[in-house]
Amino acid sequence: MKTLIYMFVFSFVLVISACGDDSSPESTAKIDPNHFHPKGKAPSKYTIAKQQQLRKTLPLSDKKDFEEQEKGFIAAPEYKQIMAEKGHVAWDMGKYEFLLEGKDFDTIHPSLQRQAILNMNYGLYEVIPGIYQVRGYDLSNISFIKGDTGWIIFDPLAAKETAAAALKFINEQLGERPVVAVVYSHSHLDHFGGVRGVVDEADVKSGKVQIIAPVEFMDHAIAENIYAGNAMSRRMFYQYGVLLNASPYGHVDQSIGKNVAAGNAGLIPPTRYIEKPIEELTIDGVRMIFQNTPNTEAPAEMNTYFPDMKAFWAAENITGTIHNIYTLRGALVRDALAWSKYINEALYGFGQEAEVMFASHSWPRWGNDRIQEVMRAQRDMYGHLNNQVLHLANRGITINEIHNVYEVPKSLQQEWYARGYHGSFEHNSRAVINRYLGYWDANPTTLIPLSPSDSAPLYVEMMGGADKIIAKGTTLYNEGKYRHAQEILNKLVYAEPQNQQAKDLLADSFEQFGYQQESPSVRNSFLAAALELRSGIPEGESAHSAGPDMIRAMSTELYLDFLGIRMDSQKADGMEFKINLSTPDNGEKFVLEMSNGTLTNITGYQVDDADLTITITRADLESVMMGIITFDELIASGKAQLEGDREAYEQLKTTLVQFEPGFEMMPGTKVVETKSDMNTFEQAEPAVIGAE
Ligand SMILES: [Zn+2]
């Protein structure tokens with residue numbers, strides 16, 4: 001069994017059953033042929049009214065962002081698509097061109113539509129003489145600093161193919177220059193994954209090209225995505241709308257860029273870490289002051305100031321949106337207060353004299369007044385979120401209410417760069433309480449609640465059965481009360497997962513509510529759930545497996561930790577053994593213990609009473625982790641040496657489960673049989689999904 005490392009973008013074979021019978025409301029409404037689903041609905045009169053109202057109240061006459069987004073444009077390439085090495089389309093700006101037709105779409109929140117148009121910037125831009133960006137080649141921007149002899153690249157995109165295309169394009173436009181250094185601003189994939197498209201690893205090893213990163217970069221680049229990797233991959237389908245077509249009814253934007261390139265993601269380890277809070281380096285004649293900003297947008301992240309150019313690089317700490325304190329694909333909740341404080345430190349340290357601010361997403365800001373305005377507002381936005389949510393929590397507002405109570409200050413609501421595209425204020429406000437107080441609202445009813453599938457039948461019974469719920473749900477839907485409709489229809493769907501009428505009606509409600517959302521992450525989640533409710537989870541297979549870089553970057557300890565997660569405890573009932581593991585080529589030693597249905601490991605020890613001792617090189621172990629070879633094959637060839645009772649190994653093998661990425665998130669949506677559990681050591685699955 002080959003390891004499939006599920007990445008952002010899956011290429012799915014859609015198995016949509018084109019069910020003709022449509023009994024849900026508004027079935028006679030005109031359906032656009034480009035709609036993402038045959039059961040899809042046009043925007044309701046409530047959705048249309050809401051969008052029209054927003055067009056009157058949003059500060060749409062403020063066009064500053066458009067001026068900044070266009071400023072410095074040099075050239076766009078002829079092509080709109082970038083092909084992956086494997087032959088599929090890695091990137092396609094062309095499919096979003098409906099956004100440039102000058103139409104107002106009632107299926108898109110006007111503020112989101114505006115952001116989606118801004119993110120159509122495409123090509124090479126001059127930030128100031130000596131600093132350039134290629135935008136619209138991936139989720140992130142790739143930035144080029146002109147040194148004495150070559151380019152210093154900041155954040156080489158998510159994929160080798162898109163990064164290589166960007167480098168080729170700038171060299172064609174501005175003259176061929178070698179890459180002398182690469183800076184990874186932080187530990188998310190869209191800031192390092194394309195590195196092999198811009199440098200040759202041999203040049204890194206020989207010292208010709210430096211790679212600079214914030215302290216603890218490598219620990220976080222992989223670790224963030226391992227333990228819950230499969231669940232995160234699955235949840236990406238909602239946050240990133242992986243299965244939604246690009247259309248006014250489907251995927252329109254991802255707030256910090258259009259989408260993530262579906263290419264070859266790699267990682268070359270840094271050669272130089274920035275360890276101090278503030279550290280200065282001069283490379284190829286370019287003076288750079290690095291500011292570490294740990295536990296902001298990423299656990300390892302840094303800003304950079306170029307004092308000789310008065311240019312401030314804000315990494316992903318300041319972009320054209322409020323960012324995620326909680327990211328819907330799942331991750332540890334971030335620290336809004338630390339984020340605010342690091343922006344403040346940058347404002348006082350560099351923002352007093354900076355004349356341009358640029359970043360790994362969005363577009364630059366020029367002029368010191370504008371820079372200070374944006375920095376101050378972003379500082380306040382994260383600070384306000386943290387402080388006022390806690391203020392309300394201290395007055396008794398719970399995690400289940402905060403999103404309906406918390407309000408952004410009016411002054412910030414009027415600023416486009418302070419709106420909730422990537423991180424909606426609804427999901428971010430809940431995140432702050434989650435960070436400090438956890439998930440419990442302190443009502444004992446919710447402390448040990450029934451599972452939804454167990455409580456739902458009681459609700460349905462007490463509400464008078466399915467027909468009554470459908471009738472009331474239809475009324476609420478027809479009144480535009482989508483969240484109310486969802487409350488009761490969700491119960492029915494849990495109680496009767498095969499009730500397609502209920503699922504279709506809930507999907508219709510999700511769809512309208514999705515159309516109304518400003519945040520693309522939230523919009524995509526509602527639209528993706530609607531799709532799955534209507535026709536089930538499509539069967540798919542991964543078009544990509546991550547290259548060996550991600551596996552090499554994973555420590556053996558992390559791999560062993562993940563084995564403990566993959567182990568099905570029920571299958572390990574009664575098992576008890578100790579295994580000494582050593583990898584002589586890197587001098588590491590571990591003890592694995594199976595006891596109480598739990599597999600633990602400790603680094604740096606060997607025990608005398610081990611049932612089994614396994615000796616294998618780390619290099620061979622990596623081949624197993626990548627699925628190039630099985631552990632059994634390594635044993636057979638003598639590359640893995642077992643001493644003692646082999647039964648411990650055989651037993652461990654029987655407990656390991658291969659996680660499947662297609663698990664059900666909404667009831668009654670699983671239409672595809674899962675493969676049986678496979679007992680292998682090969683699933684490593686660093687899902688490389690942490691692009692935001
Ligand atoms: Zn990013």
# chains A, B, ... in the order shown; residues from 1 in each chain; ligands from 1
call {"tool": "residues_around", "arguments": {"residues": "Val408 of chain A", "least_positions_apart": "2", "cutoff": "12 Å", "atoms": "only C-alpha atoms", "output": "MDAnalysis selection string"}}
result
chainID A and resid 322 377 380:389 403:406 410:415 418:420 424:426 428:429
call {"tool": "residues_around", "arguments": {"residues": "Leu612 of chain A", "least_positions_apart": "2", "cutoff": "8 Å", "atoms": "only C-alpha atoms", "output": "ChimeraX atom specification"}}
result
/A:578-580,610,614,642-646,648-649
call {"tool": "write_last_selection", "arguments": {"atoms": "C-alpha atoms", "output": "JSON list (two decimals), in the first residue's frame"}}
result
[["chain", "number", "residue", "atom", "x", "y", "z"],
["A", 578, "LYS", "CA", 8.45, -3.33, 24.95],
["A", 579, "ILE", "CA", 10.43, -2.63, 21.82],
["A", 580, "ASN", "CA", 13.89, -1.06, 21.66],
["A", 610, "ALA", "CA", 12.72, -5.46, 25.78],
["A", 614, "ILE", "CA", 14.71, -3.31, 16.08],
["A", 642, "LEU", "CA", 14.88, -7.84, 14.61],
["A", 643, "GLU", "CA", 16.28, -9.47, 17.71],
["A", 644, "GLY", "CA", 14.07, -11.21, 20.22],
["A", 645, "ASP", "CA", 10.39, -11.99, 19.97],
["A", 646, "ARG", "CA", 9.08, -10.97, 16.56],
["A", 648, "ALA", "CA", 5.64, -7.92, 19.36],
["A", 649, "TYR", "CA", 6.13, -6.49, 15.88]]
call {"tool": "residues_near_ligand", "arguments": {"ligand": "ligand 1", "cutoff": "9 Å", "atoms": "only C-alpha atoms and all ligand atoms", "output": "VMD selection string"}}
result
chain A and resid 139 to 141 155 157 to 158 186 188 to 191 256 to 257 297 315 to 316 360 to 361 690 to 692
call {"tool": "write_last_selection", "arguments": {"atoms": "N, CA, C and O atoms", "output": "CSV table (one decimal), in the first residue's frame"}}
result
chain,number,residue,atom,x,y,z
A,139,LEU,N,-1.8,30.9,-3.7
A,139,LEU,CA,-2.5,31.5,-2.7
A,139,LEU,C,-1.7,32.8,-2.2
A,139,LEU,O,-2.3,33.8,-1.8
A,140,SER,N,-0.4,32.6,-2.1
A,140,SER,CA,0.4,33.7,-1.6
A,140,SER,C,1.1,34.5,-2.7
A,140,SER,O,1.1,34.1,-3.8
A,141,ASN,N,1.8,35.5,-2.3
A,141,ASN,CA,2.7,36.3,-3.2
A,141,ASN,C,4.1,35.8,-3.1
A,141,ASN,O,4.5,35.4,-2.0
A,155,ASP,N,9.4,34.0,0.5
A,155,ASP,CA,8.2,33.1,0.5
A,155,ASP,C,7.9,32.5,-0.9
A,155,ASP,O,7.1,33.1,-1.7
A,157,LEU,N,6.0,30.5,-2.5
A,157,LEU,CA,4.7,29.9,-2.9
A,157,LEU,C,4.5,28.5,-2.3
A,157,LEU,O,5.4,28.0,-1.5
A,158,ALA,N,3.4,27.8,-2.8
A,158,ALA,CA,3.1,26.5,-2.2
A,158,ALA,C,3.6,25.4,-3.1
A,158,ALA,O,3.7,24.2,-2.6
A,186,HIS,N,7.4,32.1,7.5
A,186,HIS,CA,6.8,31.3,8.5
A,186,HIS,C,6.5,29.9,8.1
A,186,HIS,O,6.8,29.5,6.9
A,188,HIS,N,4.0,27.9,7.3
A,188,HIS,CA,2.9,27.4,6.5
A,188,HIS,C,3.3,27.1,5.1
A,188,HIS,O,4.1,27.8,4.5
A,189,LEU,N,2.7,26.1,4.6
A,189,LEU,CA,3.1,25.5,3.3
A,189,LEU,C,3.2,26.6,2.1
A,189,LEU,O,4.1,26.5,1.3
A,190,ASP,N,2.3,27.5,2.1
A,190,ASP,CA,2.3,28.4,0.9
A,190,ASP,C,3.4,29.5,1.0
A,190,ASP,O,3.5,30.4,0.2
A,191,HIS,N,4.3,29.3,2.0
A,191,HIS,CA,5.5,30.1,2.2
A,191,HIS,C,6.8,29.4,2.0
A,191,HIS,O,7.8,30.0,2.2
A,256,ILE,N,-7.2,35.5,1.2
A,256,ILE,CA,-5.8,35.9,1.1
A,256,ILE,C,-5.2,35.5,-0.2
A,256,ILE,O,-4.0,35.6,-0.4
A,257,GLY,N,-6.1,35.2,-1.2
A,257,GLY,CA,-5.7,34.8,-2.5
A,257,GLY,C,-6.8,34.0,-3.1
A,257,GLY,O,-7.8,33.8,-2.4
A,297,GLU,N,0.3,34.5,13.5
A,297,GLU,CA,-0.4,33.8,12.5
A,297,GLU,C,0.1,32.4,12.4
A,297,GLU,O,-0.6,31.5,12.0
A,315,ALA,N,5.2,39.9,6.6
A,315,ALA,CA,5.0,38.4,6.5
A,315,ALA,C,3.5,38.2,6.3
A,315,ALA,O,2.9,38.7,5.3
A,316,GLU,N,2.8,37.4,7.2
A,316,GLU,CA,1.4,37.2,7.0
A,316,GLU,C,0.7,37.8,8.3
A,316,GLU,O,-0.4,37.4,8.6
A,360,SER,N,3.0,38.8,2.4
A,360,SER,CA,3.0,37.6,1.6
A,360,SER,C,1.6,37.3,1.0
A,360,SER,O,1.4,36.3,0.3
A,361,HIS,N,0.6,38.2,1.3
A,361,HIS,CA,-0.7,38.1,0.7
A,361,HIS,C,-1.2,39.5,0.5
A,361,HIS,O,-0.6,40.5,1.0
A,690,GLY,N,-1.4,23.3,6.4
A,690,GLY,CA,-1.4,24.5,7.2
A,690,GLY,C,-1.1,25.8,6.4
A,690,GLY,O,-0.1,26.4,6.7
A,691,ALA,N,-1.9,26.1,5.4
A,691,ALA,CA,-1.5,27.2,4.6
A,691,ALA,C,-2.1,28.5,5.1
A,691,ALA,O,-1.9,29.5,4.5
A,692,GLU,N,-2.7,28.5,6.2
A,692,GLU,CA,-3.2,29.7,6.7
A,692,GLU,C,-3.2,29.7,8.2
A,692,GLU,O,-4.0,30.2,8.9
call {"tool": "select_by_dssp", "arguments": {"residues": "segment 165-286 of chain A", "states": "alpha helix (DSSP H)", "output": "NGL selection string"}}
result
:A and (165-174 or 201-205 or 217-223 or 229-239)
call {"tool": "closest_residue", "arguments": {"among": "A:Val252, A:Ala163, A:Ile470, A:Ile48", "to": "Lys95 of chain A", "atoms": "only C-alpha atoms"}}
result
A:Val252
call {"tool": "residues_around", "arguments": {"residues": "Met567 of chain A", "least_positions_apart": "4", "cutoff": "7 Å", "atoms": "only C-alpha atoms", "output": "PyMOL selection string"}}
result
chain A and resi 563+655-657
call {"tool": "residues_around", "arguments": {"residues": "His427 of chain A", "least_positions_apart": "5", "cutoff": "9 Å", "atoms": "only C-alpha atoms", "output": "PyMOL selection string"}}
result
chain A and resi 324-328+403+522
call {"tool": "write_last_selection", "arguments": {"atoms": "N, CA and C atoms", "output": "mmCIF file, in the first residue's frame"}}
result
data_model
loop_
_atom_site.group_PDB
_atom_site.id
_atom_site.type_symbol
_atom_site.label_atom_id
_atom_site.label_comp_id
_atom_site.auth_asym_id
_atom_site.auth_seq_id
_atom_site.Cartn_x
_atom_site.Cartn_y
_atom_site.Cartn_z
ATOM 1 N N ASN A 324 -7.335 34.386 10.704
ATOM 2 C CA ASN A 324 -7.932 33.365 11.565
ATOM 3 C C ASN A 324 -7.275 33.305 12.934
ATOM 4 N N ILE A 325 -8.062 33.506 13.980
ATOM 5 C CA ILE A 325 -7.616 33.128 15.318
ATOM 6 C C ILE A 325 -7.897 31.627 15.476
ATOM 7 N N TYR A 326 -8.965 31.215 14.846
ATOM 8 C CA TYR A 326 -9.269 29.789 14.723
ATOM 9 C C TYR A 326 -9.506 29.509 13.252
ATOM 10 N N THR A 327 -8.800 28.523 12.719
ATOM 11 C CA THR A 327 -8.971 28.204 11.307
ATOM 12 C C THR A 327 -9.896 27.005 11.181
ATOM 13 N N LEU A 328 -10.879 27.102 10.266
ATOM 14 C CA LEU A 328 -11.967 26.126 10.258
ATOM 15 C C LEU A 328 -11.524 24.719 9.867
ATOM 16 N N HIS A 403 -20.603 34.999 19.534
ATOM 17 C CA HIS A 403 -20.623 35.415 18.119
ATOM 18 C C HIS A 403 -21.857 36.246 17.789
ATOM 19 N N VAL A 522 -16.254 30.575 5.561
ATOM 20 C CA VAL A 522 -17.576 30.247 6.087
ATOM 21 C C VAL A 522 -18.513 29.914 4.924
#
call {"tool": "residues_around", "arguments": {"residues": "Pro307 of chain A", "least_positions_apart": "5", "cutoff": "9 Å", "atoms": "only C-alpha atoms", "output": "list in words"}}
result
Arg287, Met288, Ile289, Phe312, Phe350, Glu353 and Ala354 of chain A
call {"tool": "residues_around", "arguments": {"residues": "Gly250 of chain A", "least_positions_apart": "6", "cutoff": "12 Å", "atoms": "only C-alpha atoms", "output": "ChimeraX atom specification"}}
result
/A:32,34-37,40-42,95-96,98,105,107-108,238,240-244,511-512,514-515,520-521,523-531
call {"tool": "residues_around", "arguments": {"residues": "Asn368 of chain A", "least_positions_apart": "5", "cutoff": "12 Å", "atoms": "only C-alpha atoms", "output": "PDB file with N, CA, C and O atoms, in the first residue's frame"}}
result
ATOM      1  N   LYS A 310      13.594  51.703   3.568  1.00  0.00           N
ATOM      2  CA  LYS A 310      12.421  52.066   4.360  1.00  0.00           C
ATOM      3  C   LYS A 310      11.206  51.220   3.977  1.00  0.00           C
ATOM      4  O   LYS A 310      10.089  51.717   3.801  1.00  0.00           O
ATOM      5  N   ALA A 311      11.466  49.923   3.845  1.00  0.00           N
ATOM      6  CA  ALA A 311      10.411  48.992   3.436  1.00  0.00           C
ATOM      7  C   ALA A 311      10.176  47.977   4.547  1.00  0.00           C
ATOM      8  O   ALA A 311      11.129  47.395   5.080  1.00  0.00           O
ATOM      9  N   PHE A 312       8.923  47.777   4.892  1.00  0.00           N
ATOM     10  CA  PHE A 312       8.571  46.830   5.954  1.00  0.00           C
ATOM     11  C   PHE A 312       7.805  45.657   5.350  1.00  0.00           C
ATOM     12  O   PHE A 312       6.794  45.836   4.685  1.00  0.00           O
ATOM     13  N   LEU A 347       5.033  48.473  14.684  1.00  0.00           N
ATOM     14  CA  LEU A 347       4.588  49.855  14.444  1.00  0.00           C
ATOM     15  C   LEU A 347       5.554  50.845  15.095  1.00  0.00           C
ATOM     16  O   LEU A 347       5.958  51.835  14.477  1.00  0.00           O
ATOM     17  N   PHE A 350       9.454  49.981  13.456  1.00  0.00           N
ATOM     18  CA  PHE A 350       9.728  50.240  12.029  1.00  0.00           C
ATOM     19  C   PHE A 350       8.687  51.144  11.378  1.00  0.00           C
ATOM     20  O   PHE A 350       8.970  51.825  10.400  1.00  0.00           O
ATOM     21  N   GLY A 351       7.483  51.094  11.928  1.00  0.00           N
ATOM     22  CA  GLY A 351       6.364  51.796  11.288  1.00  0.00           C
ATOM     23  C   GLY A 351       6.457  53.306  11.353  1.00  0.00           C
ATOM     24  O   GLY A 351       5.737  54.003  10.643  1.00  0.00           O
ATOM     25  N   GLN A 352       7.357  53.834  12.201  1.00  0.00           N
ATOM     26  CA  GLN A 352       7.475  55.283  12.312  1.00  0.00           C
ATOM     27  C   GLN A 352       8.156  55.895  11.085  1.00  0.00           C
ATOM     28  O   GLN A 352       7.959  57.057  10.778  1.00  0.00           O
ATOM     29  N   GLU A 353       8.960  55.074  10.409  1.00  0.00           N
ATOM     30  CA  GLU A 353       9.690  55.648   9.264  1.00  0.00           C
ATOM     31  C   GLU A 353       9.448  54.897   7.954  1.00  0.00           C
ATOM     32  O   GLU A 353       9.861  55.370   6.897  1.00  0.00           O
ATOM     33  N   ALA A 354       8.799  53.749   8.012  1.00  0.00           N
ATOM     34  CA  ALA A 354       8.602  52.953   6.790  1.00  0.00           C
ATOM     35  C   ALA A 354       7.815  53.749   5.750  1.00  0.00           C
ATOM     36  O   ALA A 354       6.886  54.482   6.083  1.00  0.00           O
ATOM     37  N   GLU A 355       8.203  53.605   4.499  1.00  0.00           N
ATOM     38  CA  GLU A 355       7.505  54.287   3.407  1.00  0.00           C
ATOM     39  C   GLU A 355       6.720  53.316   2.543  1.00  0.00           C
ATOM     40  O   GLU A 355       5.919  53.715   1.709  1.00  0.00           O
ATOM     41  N   VAL A 356       6.999  52.018   2.729  1.00  0.00           N
ATOM     42  CA  VAL A 356       6.177  51.016   2.049  1.00  0.00           C
ATOM     43  C   VAL A 356       6.081  49.794   2.949  1.00  0.00           C
ATOM     44  O   VAL A 356       7.022  49.440   3.660  1.00  0.00           O
ATOM     45  N   MET A 357       4.891  49.174   2.938  1.00  0.00           N
ATOM     46  CA  MET A 357       4.677  47.928   3.687  1.00  0.00           C
ATOM     47  C   MET A 357       4.134  46.906   2.696  1.00  0.00           C
ATOM     48  O   MET A 357       3.153  47.166   2.003  1.00  0.00           O
ATOM     49  N   GLU A 373      -1.725  53.910   9.568  1.00  0.00           N
ATOM     50  CA  GLU A 373      -3.183  53.726   9.675  1.00  0.00           C
ATOM     51  C   GLU A 373      -3.534  52.228   9.651  1.00  0.00           C
ATOM     52  O   GLU A 373      -4.277  51.732  10.502  1.00  0.00           O
ATOM     53  N   VAL A 374      -2.952  51.504   8.685  1.00  0.00           N
ATOM     54  CA  VAL A 374      -3.274  50.075   8.550  1.00  0.00           C
ATOM     55  C   VAL A 374      -2.709  49.283   9.732  1.00  0.00           C
ATOM     56  O   VAL A 374      -3.389  48.418  10.302  1.00  0.00           O
ATOM     57  N   MET A 375      -1.481  49.580  10.111  1.00  0.00           N
ATOM     58  CA  MET A 375      -0.874  48.843  11.229  1.00  0.00           C
ATOM     59  C   MET A 375      -1.666  49.060  12.520  1.00  0.00           C
ATOM     60  O   MET A 375      -1.924  48.127  13.281  1.00  0.00           O
ATOM     61  N   ARG A 376      -2.034  50.316  12.735  1.00  0.00           N
ATOM     62  CA  ARG A 376      -2.761  50.652  13.951  1.00  0.00           C
ATOM     63  C   ARG A 376      -4.119  49.935  13.977  1.00  0.00           C
ATOM     64  O   ARG A 376      -4.521  49.358  14.985  1.00  0.00           O
TER      65      ARG A 376
END
